[in-house]
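J.: What follows is my_file.cif, made up of mmCIF, N, CA and C atoms and all ligand atoms:
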data_structure
loop_
_atom_site.label_atom_id
_atom_site.label_comp_id
_atom_site.auth_asym_id
_atom_site.auth_seq_id
_atom_site.Cartn_x
_atom_site.Cartn_y
_atom_site.Cartn_z
N VAL A 1 -2.97 -9.22 0.84
CA VAL A 1 -2.10 -8.29 0.11
C VAL A 1 -2.48 -8.33 -1.37
N SER A 2 -2.87 -7.19 -1.89
CA SER A 2 -3.23 -7.15 -3.31
C SER A 2 -1.97 -7.12 -4.15
N VAL A 3 -2.12 -7.44 -5.41
CA VAL A 3 -0.98 -7.43 -6.33
C VAL A 3 -0.38 -6.02 -6.38
N LEU A 4 -1.26 -5.01 -6.41
CA LEU A 4 -0.77 -3.63 -6.51
C LEU A 4 0.11 -3.24 -5.33
N SER A 5 -0.37 -3.52 -4.11
CA SER A 5 0.42 -3.10 -2.96
C SER A 5 1.70 -3.91 -2.87
N ALA A 6 1.67 -5.17 -3.30
CA ALA A 6 2.88 -5.99 -3.29
C ALA A 6 3.91 -5.41 -4.25
N VAL A 7 3.46 -4.97 -5.40
CA VAL A 7 4.38 -4.41 -6.39
C VAL A 7 5.02 -3.13 -5.86
N LYS A 8 4.25 -2.32 -5.13
CA LYS A 8 4.76 -1.05 -4.61
C LYS A 8 5.83 -1.24 -3.54
N GLU A 9 5.88 -2.39 -2.93
CA GLU A 9 6.79 -2.59 -1.81
C GLU A 9 8.25 -2.67 -2.22
N PHE A 10 8.54 -2.93 -3.47
CA PHE A 10 9.94 -2.99 -3.89
C PHE A 10 10.03 -2.76 -5.39
N SER A 11 11.24 -2.42 -5.83
CA SER A 11 11.50 -2.24 -7.26
C SER A 11 12.68 -3.11 -7.66
N LEU A 12 12.59 -3.72 -8.82
CA LEU A 12 13.71 -4.50 -9.34
C LEU A 12 14.64 -3.63 -10.18
N THR A 13 14.19 -2.43 -10.54
CA THR A 13 14.96 -1.59 -11.46
C THR A 13 15.55 -0.36 -10.78
N GLU A 14 15.08 -0.04 -9.57
CA GLU A 14 15.59 1.13 -8.87
C GLU A 14 16.02 0.74 -7.47
N LEU A 15 16.88 1.58 -6.88
CA LEU A 15 17.34 1.36 -5.51
C LEU A 15 16.16 1.47 -4.54
N ASN A 16 16.02 0.48 -3.67
CA ASN A 16 14.98 0.51 -2.64
C ASN A 16 15.54 1.07 -1.35
N MET A 17 14.84 2.05 -0.79
CA MET A 17 15.22 2.61 0.51
C MET A 17 13.94 2.83 1.30
N PRO A 18 13.94 2.53 2.61
CA PRO A 18 12.73 2.76 3.40
C PRO A 18 12.34 4.23 3.36
N LYS A 19 11.05 4.50 3.21
CA LYS A 19 10.58 5.88 3.20
C LYS A 19 10.27 6.35 4.62
N ASP A 20 9.82 5.44 5.45
CA ASP A 20 9.44 5.80 6.81
C ASP A 20 10.07 4.80 7.78
N TRP A 21 11.15 5.24 8.45
CA TRP A 21 11.89 4.33 9.35
C TRP A 21 11.09 3.96 10.58
N LYS A 22 10.07 4.75 10.92
CA LYS A 22 9.26 4.42 12.10
C LYS A 22 8.18 3.40 11.76
N ASN A 23 7.92 3.21 10.47
CA ASN A 23 6.91 2.24 10.05
C ASN A 23 7.47 1.39 8.92
N LEU A 24 8.47 0.59 9.25
CA LEU A 24 9.09 -0.24 8.21
C LEU A 24 8.11 -1.33 7.77
N THR A 25 8.07 -1.56 6.47
CA THR A 25 7.27 -2.67 5.95
C THR A 25 7.98 -3.98 6.28
N GLY A 26 7.24 -5.07 6.20
CA GLY A 26 7.85 -6.39 6.40
C GLY A 26 8.96 -6.61 5.37
N MET A 27 8.73 -6.14 4.16
CA MET A 27 9.72 -6.26 3.09
C MET A 27 11.02 -5.52 3.48
N ALA A 28 10.88 -4.33 4.04
CA ALA A 28 12.05 -3.56 4.45
C ALA A 28 12.77 -4.26 5.61
N LYS A 29 12.01 -4.78 6.57
CA LYS A 29 12.64 -5.44 7.72
C LYS A 29 13.49 -6.62 7.30
N LYS A 30 13.12 -7.27 6.21
CA LYS A 30 13.87 -8.43 5.71
C LYS A 30 15.08 -8.03 4.87
N HIS A 31 15.05 -6.83 4.27
CA HIS A 31 16.04 -6.50 3.23
C HIS A 31 17.01 -5.38 3.55
N VAL A 32 16.63 -4.46 4.44
CA VAL A 32 17.50 -3.30 4.66
C VAL A 32 18.78 -3.71 5.39
N PRO A 33 19.94 -3.40 4.83
CA PRO A 33 21.18 -3.71 5.53
C PRO A 33 21.42 -2.73 6.68
N ILE A 34 21.84 -3.27 7.82
CA ILE A 34 22.12 -2.44 9.01
C ILE A 34 23.63 -2.48 9.26
N ILE A 35 24.20 -1.29 9.42
CA ILE A 35 25.65 -1.18 9.65
C ILE A 35 25.91 -0.96 11.13
N GLU A 36 26.87 -1.70 11.65
CA GLU A 36 27.36 -1.44 13.00
C GLU A 36 28.82 -1.01 12.89
N ALA A 37 29.12 0.17 13.43
CA ALA A 37 30.49 0.67 13.40
C ALA A 37 30.68 1.63 14.56
N PRO A 38 31.93 1.80 15.00
CA PRO A 38 32.15 2.77 16.08
C PRO A 38 31.86 4.19 15.60
N ALA A 39 31.42 5.05 16.53
CA ALA A 39 31.11 6.43 16.17
C ALA A 39 32.38 7.23 15.90
N LYS A 40 33.47 6.85 16.63
CA LYS A 40 34.74 7.56 16.47
C LYS A 40 35.87 6.56 16.32
N VAL A 41 36.80 6.85 15.42
CA VAL A 41 37.98 6.00 15.23
C VAL A 41 39.21 6.88 15.07
N LYS A 42 40.37 6.24 15.12
CA LYS A 42 41.60 6.97 14.87
C LYS A 42 42.00 6.79 13.41
N ALA A 43 42.57 7.84 12.83
CA ALA A 43 42.97 7.80 11.42
C ALA A 43 43.88 6.61 11.14
N LYS A 44 43.55 5.89 10.07
CA LYS A 44 44.36 4.78 9.56
C LYS A 44 44.50 3.60 10.52
N GLU A 45 43.72 3.59 11.59
CA GLU A 45 43.74 2.43 12.49
C GLU A 45 42.56 1.52 12.18
N PRO A 46 42.83 0.21 11.97
CA PRO A 46 41.75 -0.69 11.60
C PRO A 46 40.65 -0.77 12.68
N PHE A 47 39.43 -0.87 12.22
CA PHE A 47 38.29 -1.10 13.14
C PHE A 47 37.32 -2.05 12.43
N THR A 48 36.39 -2.58 13.21
CA THR A 48 35.47 -3.58 12.68
C THR A 48 34.13 -2.95 12.29
N VAL A 49 33.67 -3.30 11.11
CA VAL A 49 32.35 -2.89 10.63
C VAL A 49 31.54 -4.15 10.37
N LYS A 50 30.33 -4.19 10.89
CA LYS A 50 29.45 -5.34 10.64
C LYS A 50 28.27 -4.86 9.81
N VAL A 51 27.98 -5.60 8.74
CA VAL A 51 26.79 -5.32 7.93
C VAL A 51 25.90 -6.55 8.01
N LYS A 52 24.67 -6.32 8.47
CA LYS A 52 23.74 -7.44 8.64
C LYS A 52 22.49 -7.18 7.83
N VAL A 53 22.00 -8.20 7.16
CA VAL A 53 20.74 -8.10 6.42
C VAL A 53 19.71 -9.01 7.08
N GLY A 54 18.54 -8.45 7.30
CA GLY A 54 17.44 -9.23 7.87
C GLY A 54 17.46 -9.18 9.38
N GLY A 55 16.33 -9.57 9.95
CA GLY A 55 16.26 -9.70 11.40
C GLY A 55 15.76 -8.46 12.10
N ILE A 56 15.40 -7.38 11.39
CA ILE A 56 14.83 -6.21 12.05
C ILE A 56 13.48 -6.64 12.66
N ASP A 57 13.32 -6.41 13.96
CA ASP A 57 12.13 -6.87 14.70
C ASP A 57 11.92 -8.38 14.53
N GLY A 58 13.01 -9.10 14.35
CA GLY A 58 12.92 -10.56 14.23
C GLY A 58 12.43 -11.07 12.89
N VAL A 59 12.29 -10.18 11.90
CA VAL A 59 11.81 -10.62 10.59
C VAL A 59 13.01 -11.01 9.73
N GLU A 60 13.25 -12.32 9.64
CA GLU A 60 14.42 -12.80 8.91
C GLU A 60 14.13 -12.96 7.42
N HIS A 61 15.16 -12.79 6.62
CA HIS A 61 15.03 -13.02 5.18
C HIS A 61 15.20 -14.51 4.88
N PRO A 62 14.44 -15.06 3.92
CA PRO A 62 14.63 -16.46 3.54
C PRO A 62 16.06 -16.74 3.05
N ASN A 63 16.43 -18.00 3.14
CA ASN A 63 17.76 -18.43 2.71
C ASN A 63 17.61 -19.78 2.02
N THR A 64 17.07 -19.72 0.79
CA THR A 64 16.81 -20.94 0.02
C THR A 64 17.41 -20.78 -1.38
N LEU A 65 17.46 -21.89 -2.11
CA LEU A 65 18.02 -21.85 -3.47
C LEU A 65 17.25 -20.90 -4.37
N GLY A 66 15.98 -20.68 -4.07
CA GLY A 66 15.17 -19.81 -4.93
C GLY A 66 15.11 -18.37 -4.47
N HIS A 67 15.56 -18.08 -3.25
CA HIS A 67 15.36 -16.74 -2.69
C HIS A 67 16.39 -16.51 -1.59
N TRP A 68 17.36 -15.66 -1.91
CA TRP A 68 18.38 -15.38 -0.88
C TRP A 68 19.04 -14.03 -1.13
N ILE A 69 19.78 -13.57 -0.14
CA ILE A 69 20.57 -12.34 -0.28
C ILE A 69 21.87 -12.72 -0.98
N ASN A 70 22.04 -12.23 -2.20
CA ASN A 70 23.20 -12.61 -3.01
C ASN A 70 24.50 -11.96 -2.54
N TRP A 71 24.41 -10.67 -2.15
CA TRP A 71 25.63 -9.98 -1.71
C TRP A 71 25.30 -8.74 -0.88
N VAL A 72 26.31 -8.28 -0.15
CA VAL A 72 26.25 -6.96 0.48
C VAL A 72 27.48 -6.19 0.03
N GLU A 73 27.31 -4.89 -0.08
CA GLU A 73 28.42 -3.99 -0.44
C GLU A 73 28.52 -2.90 0.60
N LEU A 74 29.76 -2.54 0.94
CA LEU A 74 30.01 -1.42 1.86
C LEU A 74 30.70 -0.32 1.09
N TYR A 75 30.25 0.92 1.32
CA TYR A 75 30.85 2.10 0.70
C TYR A 75 31.28 3.08 1.78
N ALA A 76 32.40 3.76 1.54
CA ALA A 76 32.80 4.91 2.36
C ALA A 76 32.48 6.14 1.53
N GLY A 77 31.38 6.80 1.86
CA GLY A 77 30.88 7.84 0.96
C GLY A 77 30.46 7.17 -0.34
N GLU A 78 31.04 7.60 -1.45
CA GLU A 78 30.73 7.00 -2.74
C GLU A 78 31.73 5.91 -3.14
N ARG A 79 32.75 5.76 -2.32
CA ARG A 79 33.84 4.86 -2.70
C ARG A 79 33.59 3.43 -2.24
N PRO A 80 33.61 2.47 -3.16
CA PRO A 80 33.40 1.08 -2.74
C PRO A 80 34.52 0.61 -1.82
N VAL A 81 34.13 -0.13 -0.77
CA VAL A 81 35.11 -0.68 0.18
C VAL A 81 35.21 -2.18 0.03
N SER A 82 34.05 -2.85 0.02
CA SER A 82 34.08 -4.30 -0.03
C SER A 82 32.74 -4.83 -0.49
N ARG A 83 32.80 -6.05 -1.02
CA ARG A 83 31.57 -6.75 -1.42
C ARG A 83 31.69 -8.19 -0.94
N VAL A 84 30.68 -8.65 -0.24
CA VAL A 84 30.68 -10.02 0.30
C VAL A 84 29.53 -10.77 -0.33
N GLU A 85 29.83 -11.94 -0.89
CA GLU A 85 28.79 -12.76 -1.53
C GLU A 85 28.37 -13.90 -0.62
N PHE A 86 27.11 -14.25 -0.68
CA PHE A 86 26.56 -15.35 0.11
C PHE A 86 26.04 -16.44 -0.83
N GLU A 87 26.22 -17.68 -0.42
CA GLU A 87 25.64 -18.79 -1.17
C GLU A 87 24.39 -19.25 -0.43
N PRO A 88 23.31 -19.51 -1.18
CA PRO A 88 22.06 -19.92 -0.53
C PRO A 88 22.25 -21.20 0.25
N GLU A 89 21.59 -21.26 1.40
CA GLU A 89 21.54 -22.41 2.30
C GLU A 89 22.85 -22.66 3.04
N MET A 90 23.97 -22.13 2.57
CA MET A 90 25.27 -22.44 3.17
C MET A 90 25.65 -21.45 4.27
N CYS A 91 25.13 -20.22 4.18
CA CYS A 91 25.46 -19.23 5.19
C CYS A 91 24.38 -19.21 6.27
N ASP A 92 24.81 -19.06 7.51
CA ASP A 92 23.87 -18.95 8.62
C ASP A 92 23.54 -17.48 8.82
N GLY A 93 22.53 -17.03 8.14
CA GLY A 93 22.20 -15.61 8.18
C GLY A 93 23.09 -14.84 7.23
N TYR A 94 22.91 -13.51 7.24
CA TYR A 94 23.63 -12.66 6.29
C TYR A 94 24.38 -11.59 7.05
N VAL A 95 25.58 -11.91 7.48
CA VAL A 95 26.40 -10.96 8.23
C VAL A 95 27.77 -10.90 7.57
N ALA A 96 28.20 -9.69 7.24
CA ALA A 96 29.56 -9.48 6.73
C ALA A 96 30.32 -8.70 7.79
N THR A 97 31.43 -9.25 8.26
CA THR A 97 32.27 -8.57 9.25
C THR A 97 33.57 -8.17 8.57
N LEU A 98 33.83 -6.88 8.54
CA LEU A 98 34.97 -6.36 7.78
C LEU A 98 35.88 -5.55 8.69
N SER A 99 37.16 -5.61 8.38
CA SER A 99 38.11 -4.74 9.06
C SER A 99 38.53 -3.67 8.07
N ILE A 100 38.30 -2.41 8.43
CA ILE A 100 38.63 -1.33 7.50
C ILE A 100 39.35 -0.22 8.26
N SER A 101 39.89 0.73 7.52
CA SER A 101 40.43 1.93 8.16
C SER A 101 40.08 3.14 7.30
N LEU A 102 40.02 4.29 7.94
CA LEU A 102 39.66 5.54 7.25
C LEU A 102 40.70 6.60 7.57
N ASN A 103 40.87 7.55 6.70
CA ASN A 103 41.75 8.66 7.06
C ASN A 103 41.01 9.99 7.18
N GLU A 104 39.69 9.95 6.95
CA GLU A 104 38.91 11.16 7.23
C GLU A 104 37.47 10.77 7.59
N THR A 105 36.79 11.66 8.24
CA THR A 105 35.40 11.43 8.65
C THR A 105 34.56 11.10 7.43
N THR A 106 33.80 10.02 7.54
CA THR A 106 33.12 9.46 6.37
C THR A 106 31.78 8.88 6.78
N THR A 107 30.83 8.89 5.86
CA THR A 107 29.58 8.18 6.08
C THR A 107 29.68 6.82 5.41
N LEU A 108 29.56 5.77 6.22
CA LEU A 108 29.54 4.41 5.66
C LEU A 108 28.12 4.11 5.18
N ARG A 109 28.05 3.45 4.03
CA ARG A 109 26.75 3.09 3.45
C ARG A 109 26.81 1.62 3.05
N ALA A 110 25.67 0.94 3.10
CA ALA A 110 25.63 -0.46 2.71
C ALA A 110 24.45 -0.73 1.79
N ARG A 111 24.69 -1.63 0.84
CA ARG A 111 23.63 -2.10 -0.05
C ARG A 111 23.62 -3.61 -0.05
N GLU A 112 22.48 -4.15 -0.36
CA GLU A 112 22.41 -5.60 -0.55
C GLU A 112 21.55 -5.89 -1.76
N PHE A 113 21.72 -7.11 -2.29
CA PHE A 113 20.91 -7.54 -3.43
C PHE A 113 20.24 -8.87 -3.12
N CYS A 114 18.91 -8.86 -3.24
CA CYS A 114 18.11 -10.09 -3.12
C CYS A 114 17.69 -10.49 -4.53
N ASN A 115 17.81 -11.77 -4.84
CA ASN A 115 17.53 -12.20 -6.22
C ASN A 115 16.07 -11.97 -6.62
N LEU A 116 15.17 -11.87 -5.65
CA LEU A 116 13.76 -11.63 -5.99
C LEU A 116 13.32 -10.19 -5.76
N HIS A 117 14.01 -9.46 -4.88
CA HIS A 117 13.48 -8.15 -4.45
C HIS A 117 14.43 -6.98 -4.67
N GLY A 118 15.51 -7.22 -5.41
CA GLY A 118 16.32 -6.10 -5.86
C GLY A 118 17.33 -5.58 -4.86
N VAL A 119 17.81 -4.37 -5.14
CA VAL A 119 18.88 -3.74 -4.36
C VAL A 119 18.26 -2.82 -3.30
N TRP A 120 18.77 -2.95 -2.07
CA TRP A 120 18.27 -2.15 -0.94
C TRP A 120 19.43 -1.45 -0.25
N GLU A 121 19.16 -0.24 0.19
CA GLU A 121 20.14 0.51 0.98
C GLU A 121 19.47 1.00 2.25
N GLY A 122 20.23 1.00 3.35
CA GLY A 122 19.70 1.47 4.62
C GLY A 122 20.26 2.83 5.00
N LYS A 123 20.32 3.07 6.30
CA LYS A 123 20.83 4.35 6.81
C LYS A 123 22.35 4.37 6.74
N GLY A 124 22.89 5.50 6.32
CA GLY A 124 24.33 5.68 6.41
C GLY A 124 24.73 5.92 7.86
N ILE A 125 25.96 5.52 8.19
CA ILE A 125 26.48 5.70 9.56
C ILE A 125 27.71 6.59 9.46
N LYS A 126 27.67 7.71 10.17
CA LYS A 126 28.83 8.61 10.15
C LYS A 126 29.89 8.12 11.13
N VAL A 127 31.10 8.00 10.64
CA VAL A 127 32.23 7.61 11.49
C VAL A 127 33.19 8.80 11.54
N ILE A 128 33.37 9.32 12.74
CA ILE A 128 34.25 10.47 12.92
C ILE A 128 35.69 9.99 13.09
N VAL A 129 36.57 10.53 12.27
CA VAL A 129 37.99 10.18 12.36
C VAL A 129 38.70 11.29 13.13
N GLU A 130 39.36 10.88 14.20
CA GLU A 130 40.05 11.87 15.05
C GLU A 130 41.53 11.91 14.74
FE FE A 201 14.05 -11.11 -0.78
#
Before anything else, please render the file you have as structure tokens.
T.:
Amino acid sequence: VSVLSAVKEFSLTELNMPKDWKNLTGMAKKHVPIIEAPAKVKAKEPFTVKVKVGGIDGVEHPNTLGHWINWVELYAGERPVSRVEFEPEMCDGYVATLSISLNETTTLRAREFCNLHGVWEGKGIKVIVE
């Protein structure tokens, strides 16, 4: 891996998002947050949302004092819902399990921050409120 291609794989100053989901880089597999949520929910009834960082195709993100996922954030559209912080070496993987409720159909979005590789966002998940 040349220095140039390594630099292109992520930005510390801009939001990182995969450009090609069918050909994720190793960097993306380690950093992109994946949201799990039901496709349909009832208005104002709590449901579980899971946000996981790392592990796409088994490519886990490091969890050391020098390199770890500092936090994940969940948004409903543009509105912040929650932020979960991780301490290096103390958490077993990077999973945030949240109970939330919605009153209208919304796209959930997640971001994470790695101390070495910046902020990453994955695919939004549409949750239909019936
Ligand atoms: Fe990282």
J.: Can you pull out the residues contacting segment 113-123 of chain A? Cut-off 8 Å, using only C-alpha atoms, and skip same-chain residues under 3 positions away; I want them as a JSON list (two decimals) with N, CA and C atoms, in the frame of the given file.
T.:
[["chain", "number", "residue", "atom", "x", "y", "z"],
["A", 10, "PHE", "N", 8.54, -2.93, -3.47],
["A", 10, "PHE", "CA", 9.94, -2.99, -3.89],
["A", 10, "PHE", "C", 10.03, -2.76, -5.39],
["A", 11, "SER", "N", 11.24, -2.42, -5.83],
["A", 11, "SER", "CA", 11.50, -2.24, -7.26],
["A", 11, "SER", "C", 12.68, -3.11, -7.66],
["A", 12, "LEU", "N", 12.59, -3.72, -8.82],
["A", 12, "LEU", "CA", 13.71, -4.50, -9.34],
["A", 12, "LEU", "C", 14.64, -3.63, -10.18],
["A", 13, "THR", "N", 14.19, -2.43, -10.54],
["A", 13, "THR", "CA", 14.96, -1.59, -11.46],
["A", 13, "THR", "C", 15.55, -0.36, -10.78],
["A", 14, "GLU", "N", 15.08, -0.04, -9.57],
["A", 14, "GLU", "CA", 15.59, 1.13, -8.87],
["A", 14, "GLU", "C", 16.02, 0.74, -7.47],
["A", 15, "LEU", "N", 16.88, 1.58, -6.88],
["A", 15, "LEU", "CA", 17.34, 1.36, -5.51],
["A", 15, "LEU", "C", 16.16, 1.47, -4.54],
["A", 16, "ASN", "N", 16.02, 0.48, -3.67],
["A", 16, "ASN", "CA", 14.98, 0.51, -2.64],
["A", 16, "ASN", "C", 15.54, 1.07, -1.35],
["A", 17, "MET", "N", 14.84, 2.05, -0.79],
["A", 17, "MET", "CA", 15.22, 2.61, 0.51],
["A", 17, "MET", "C", 13.94, 2.83, 1.30],
["A", 18, "PRO", "N", 13.94, 2.53, 2.61],
["A", 18, "PRO", "CA", 12.73, 2.76, 3.40],
["A", 18, "PRO", "C", 12.34, 4.23, 3.36],
["A", 31, "HIS", "N", 15.05, -6.83, 4.27],
["A", 31, "HIS", "CA", 16.04, -6.50, 3.23],
["A", 31, "HIS", "C", 17.01, -5.38, 3.55],
["A", 32, "VAL", "N", 16.63, -4.46, 4.44],
["A", 32, "VAL", "CA", 17.50, -3.30, 4.66],
["A", 32, "VAL", "C", 18.78, -3.71, 5.39],
["A", 33, "PRO", "N", 19.94, -3.40, 4.83],
["A", 33, "PRO", "CA", 21.18, -3.71, 5.53],
["A", 33, "PRO", "C", 21.42, -2.73, 6.68],
["A", 34, "ILE", "N", 21.84, -3.27, 7.82],
["A", 34, "ILE", "CA", 22.12, -2.44, 9.01],
["A", 34, "ILE", "C", 23.63, -2.48, 9.26],
["A", 35, "ILE", "N", 24.20, -1.29, 9.42],
["A", 35, "ILE", "CA", 25.65, -1.18, 9.65],
["A", 35, "ILE", "C", 25.91, -0.96, 11.13],
["A", 67, "HIS", "N", 15.56, -18.08, -3.25],
["A", 67, "HIS", "CA", 15.36, -16.74, -2.69],
["A", 67, "HIS", "C", 16.39, -16.51, -1.59],
["A", 68, "TRP", "N", 17.36, -15.66, -1.91],
["A", 68, "TRP", "CA", 18.38, -15.38, -0.88],
["A", 68, "TRP", "C", 19.04, -14.03, -1.13],
["A", 69, "ILE", "N", 19.78, -13.57, -0.14],
["A", 69, "ILE", "CA", 20.57, -12.34, -0.28],
["A", 69, "ILE", "C", 21.87, -12.72, -0.98],
["A", 70, "ASN", "N", 22.04, -12.23, -2.20],
["A", 70, "ASN", "CA", 23.20, -12.61, -3.01],
["A", 70, "ASN", "C", 24.50, -11.96, -2.54],
["A", 71, "TRP", "N", 24.41, -10.67, -2.15],
["A", 71, "TRP", "CA", 25.63, -9.98, -1.71],
["A", 71, "TRP", "C", 25.30, -8.74, -0.88],
["A", 72, "VAL", "N", 26.31, -8.28, -0.15],
["A", 72, "VAL", "CA", 26.25, -6.96, 0.48],
["A", 72, "VAL", "C", 27.48, -6.19, 0.03],
["A", 109, "ARG", "N", 28.05, 3.45, 4.03],
["A", 109, "ARG", "CA", 26.75, 3.09, 3.45],
["A", 109, "ARG", "C", 26.81, 1.62, 3.05],
["A", 110, "ALA", "N", 25.67, 0.94, 3.10],
["A", 110, "ALA", "CA", 25.63, -0.46, 2.71],
["A", 110, "ALA", "C", 24.45, -0.73, 1.79]]
J.: Could you pull out the residues in segment 40-103 of chain A that DSSP calls strand (DSSP E or B) from the backbone, as JSON, numbers by chain?
T.: {"A": [40, 41, 47, 48, 49, 50, 51, 52, 53, 56, 59, 64, 67, 69, 70, 71, 72, 73, 74, 75, 76, 79, 80, 81, 82, 83, 84, 85, 94, 95, 96, 97, 98, 99, 100]}
J.: Just to confirm, what's the straight-line distance from atom CA of Gly124 of chain A to atom CA of Val81 of chain A in Å (one decimal)?
T.: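 Between these atoms lies a distance of 14.0 Å.
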J.: I need the residue nearest Glu104 of chain A from this list: A:Ala37, A:Val129, A:Val59, A:Ala76. Use only C-alpha atoms for the distance.
T.: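 When distances to Glu104 of chain A are compared using only C-alpha atoms, the smallest one comes from A:Val129.
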J.: Scan for residues within 8 Å of the point (27.3, 3.2, -1.7) in the coordinates of the file, using only C-alpha atoms, and reply as a PDB file with N, CA and C atoms, in the frame of the given file.
T.:
ATOM      1  N   GLU A  73      27.310  -4.890  -0.080  1.00  0.00           N
ATOM      2  CA  GLU A  73      28.420  -3.990  -0.440  1.00  0.00           C
ATOM      3  C   GLU A  73      28.520  -2.900   0.600  1.00  0.00           C
ATOM      4  N   LEU A  74      29.760  -2.540   0.940  1.00  0.00           N
ATOM      5  CA  LEU A  74      30.010  -1.420   1.860  1.00  0.00           C
ATOM      6  C   LEU A  74      30.700  -0.320   1.090  1.00  0.00           C
ATOM      7  N   TYR A  75      30.250   0.920   1.320  1.00  0.00           N
ATOM      8  CA  TYR A  75      30.850   2.100   0.700  1.00  0.00           C
ATOM      9  C   TYR A  75      31.280   3.080   1.780  1.00  0.00           C
ATOM     10  N   ALA A  76      32.400   3.760   1.540  1.00  0.00           N
ATOM     11  CA  ALA A  76      32.800   4.910   2.360  1.00  0.00           C
ATOM     12  C   ALA A  76      32.480   6.140   1.530  1.00  0.00           C
ATOM     13  N   GLY A  77      31.380   6.800   1.860  1.00  0.00           N
ATOM     14  CA  GLY A  77      30.880   7.840   0.960  1.00  0.00           C
ATOM     15  C   GLY A  77      30.460   7.170  -0.340  1.00  0.00           C
ATOM     16  N   GLU A  78      31.040   7.600  -1.450  1.00  0.00           N
ATOM     17  CA  GLU A  78      30.730   7.000  -2.740  1.00  0.00           C
ATOM     18  C   GLU A  78      31.730   5.910  -3.140  1.00  0.00           C
ATOM     19  N   ARG A  79      32.750   5.760  -2.320  1.00  0.00           N
ATOM     20  CA  ARG A  79      33.840   4.860  -2.700  1.00  0.00           C
ATOM     21  C   ARG A  79      33.590   3.430  -2.240  1.00  0.00           C
ATOM     22  N   PRO A  80      33.610   2.470  -3.160  1.00  0.00           N
ATOM     23  CA  PRO A  80      33.400   1.080  -2.740  1.00  0.00           C
ATOM     24  C   PRO A  80      34.520   0.610  -1.820  1.00  0.00           C
ATOM     25  N   LEU A 108      29.560   5.770   6.220  1.00  0.00           N
ATOM     26  CA  LEU A 108      29.540   4.410   5.660  1.00  0.00           C
ATOM     27  C   LEU A 108      28.120   4.110   5.180  1.00  0.00           C
ATOM     28  N   ARG A 109      28.050   3.450   4.030  1.00  0.00           N
ATOM     29  CA  ARG A 109      26.750   3.090   3.450  1.00  0.00           C
ATOM     30  C   ARG A 109      26.810   1.620   3.050  1.00  0.00           C
ATOM     31  N   ALA A 110      25.670   0.940   3.100  1.00  0.00           N
ATOM     32  CA  ALA A 110      25.630  -0.460   2.710  1.00  0.00           C
ATOM     33  C   ALA A 110      24.450  -0.730   1.790  1.00  0.00           C
ATOM     34  N   ARG A 111      24.690  -1.630   0.840  1.00  0.00           N
ATOM     35  CA  ARG A 111      23.630  -2.100  -0.050  1.00  0.00           C
ATOM     36  C   ARG A 111      23.620  -3.610  -0.050  1.00  0.00           C
TER      37      ARG A 111
END
J.: Write out as a list in words each polymer residue whose atoms come within 6 Å of Val95 of chain A, counting all atoms listed in the file; drop sequence neighbours fewer than 5 positions from it.
T.: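 Listing them by chain and then by number gives Val51, Lys52 and Val53 of chain A.
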J.: Using the selection just defined, write its residues with N, CA and C atoms as a CSV table (one decimal), in the frame of the given file.
T.:
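Output saved as part-v4.csv:
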chain,number,residue,atom,x,y,z
A,51,VAL,N,28.0,-5.6,8.7
A,51,VAL,CA,26.8,-5.3,7.9
A,51,VAL,C,25.9,-6.6,8.0
A,52,LYS,N,24.7,-6.3,8.5
A,52,LYS,CA,23.7,-7.4,8.6
A,52,LYS,C,22.5,-7.2,7.8
A,53,VAL,N,22.0,-8.2,7.2
A,53,VAL,CA,20.7,-8.1,6.4
A,53,VAL,C,19.7,-9.0,7.1
J.: Please determine, counting only N, CA and C atoms and all ligand atoms, which residue among A:His61, A:Lys42, A:Lys19, A:Lys50 has the shortest atom-to-atom distance to ligand FE 201 (chain A).
T.: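 The closest residue to ligand FE 201 (chain A) is A:His61.
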J.: Considering all atoms listed in the file, state which residue in the set A:Glu36, A:Ala43, A:Lys8, A:Pro62 is at the smallest distance from ligand FE 201 (chain A).
T.: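 The closest residue to ligand FE 201 (chain A) is A:Pro62.
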J.: Give me, please, the distance in Å between atom C of Glu85 of chain A and atom N of Phe47 of chain A, quoted to one decimal.
T.: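 A separation of 21.4 Å between them.
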J.: For the point (31.0, 10.6, 13.7) in the file's frame, write as a list in words all residues with an atom no more than 8 Å away, counting all atoms listed in the file.
T.: Pro38, Ala39, Lys40, Val41, Thr105, Thr106, Ile125, Lys126, Val127, Ile128 and Val129 of chain A
J.: Hey, can you spit out that residue selection with N, CA and C atoms as a tab-separated table (two decimals), in the frame of the given file?
T.:
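Result file follows (selection_5.tsv):
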chain	number	residue	atom	x	y	z
A	38	PRO	N	31.93	1.80	15.00
A	38	PRO	CA	32.15	2.77	16.08
A	38	PRO	C	31.86	4.19	15.60
A	39	ALA	N	31.42	5.05	16.53
A	39	ALA	CA	31.11	6.43	16.17
A	39	ALA	C	32.38	7.23	15.90
A	40	LYS	N	33.47	6.85	16.63
A	40	LYS	CA	34.74	7.56	16.47
A	40	LYS	C	35.87	6.56	16.32
A	41	VAL	N	36.80	6.85	15.42
A	41	VAL	CA	37.98	6.00	15.23
A	41	VAL	C	39.21	6.88	15.07
A	105	THR	N	36.79	11.66	8.24
A	105	THR	CA	35.40	11.43	8.65
A	105	THR	C	34.56	11.10	7.43
A	106	THR	N	33.80	10.02	7.54
A	106	THR	CA	33.12	9.46	6.37
A	106	THR	C	31.78	8.88	6.78
A	125	ILE	N	25.96	5.52	8.19
A	125	ILE	CA	26.48	5.70	9.56
A	125	ILE	C	27.71	6.59	9.46
A	126	LYS	N	27.67	7.71	10.17
A	126	LYS	CA	28.83	8.61	10.15
A	126	LYS	C	29.89	8.12	11.13
A	127	VAL	N	31.10	8.00	10.64
A	127	VAL	CA	32.23	7.61	11.49
A	127	VAL	C	33.19	8.80	11.54
A	128	ILE	N	33.37	9.32	12.74
A	128	ILE	CA	34.25	10.47	12.92
A	128	ILE	C	35.69	9.99	13.09
A	129	VAL	N	36.57	10.53	12.27
A	129	VAL	CA	37.99	10.18	12.36
A	129	VAL	C	38.70	11.29	13.13
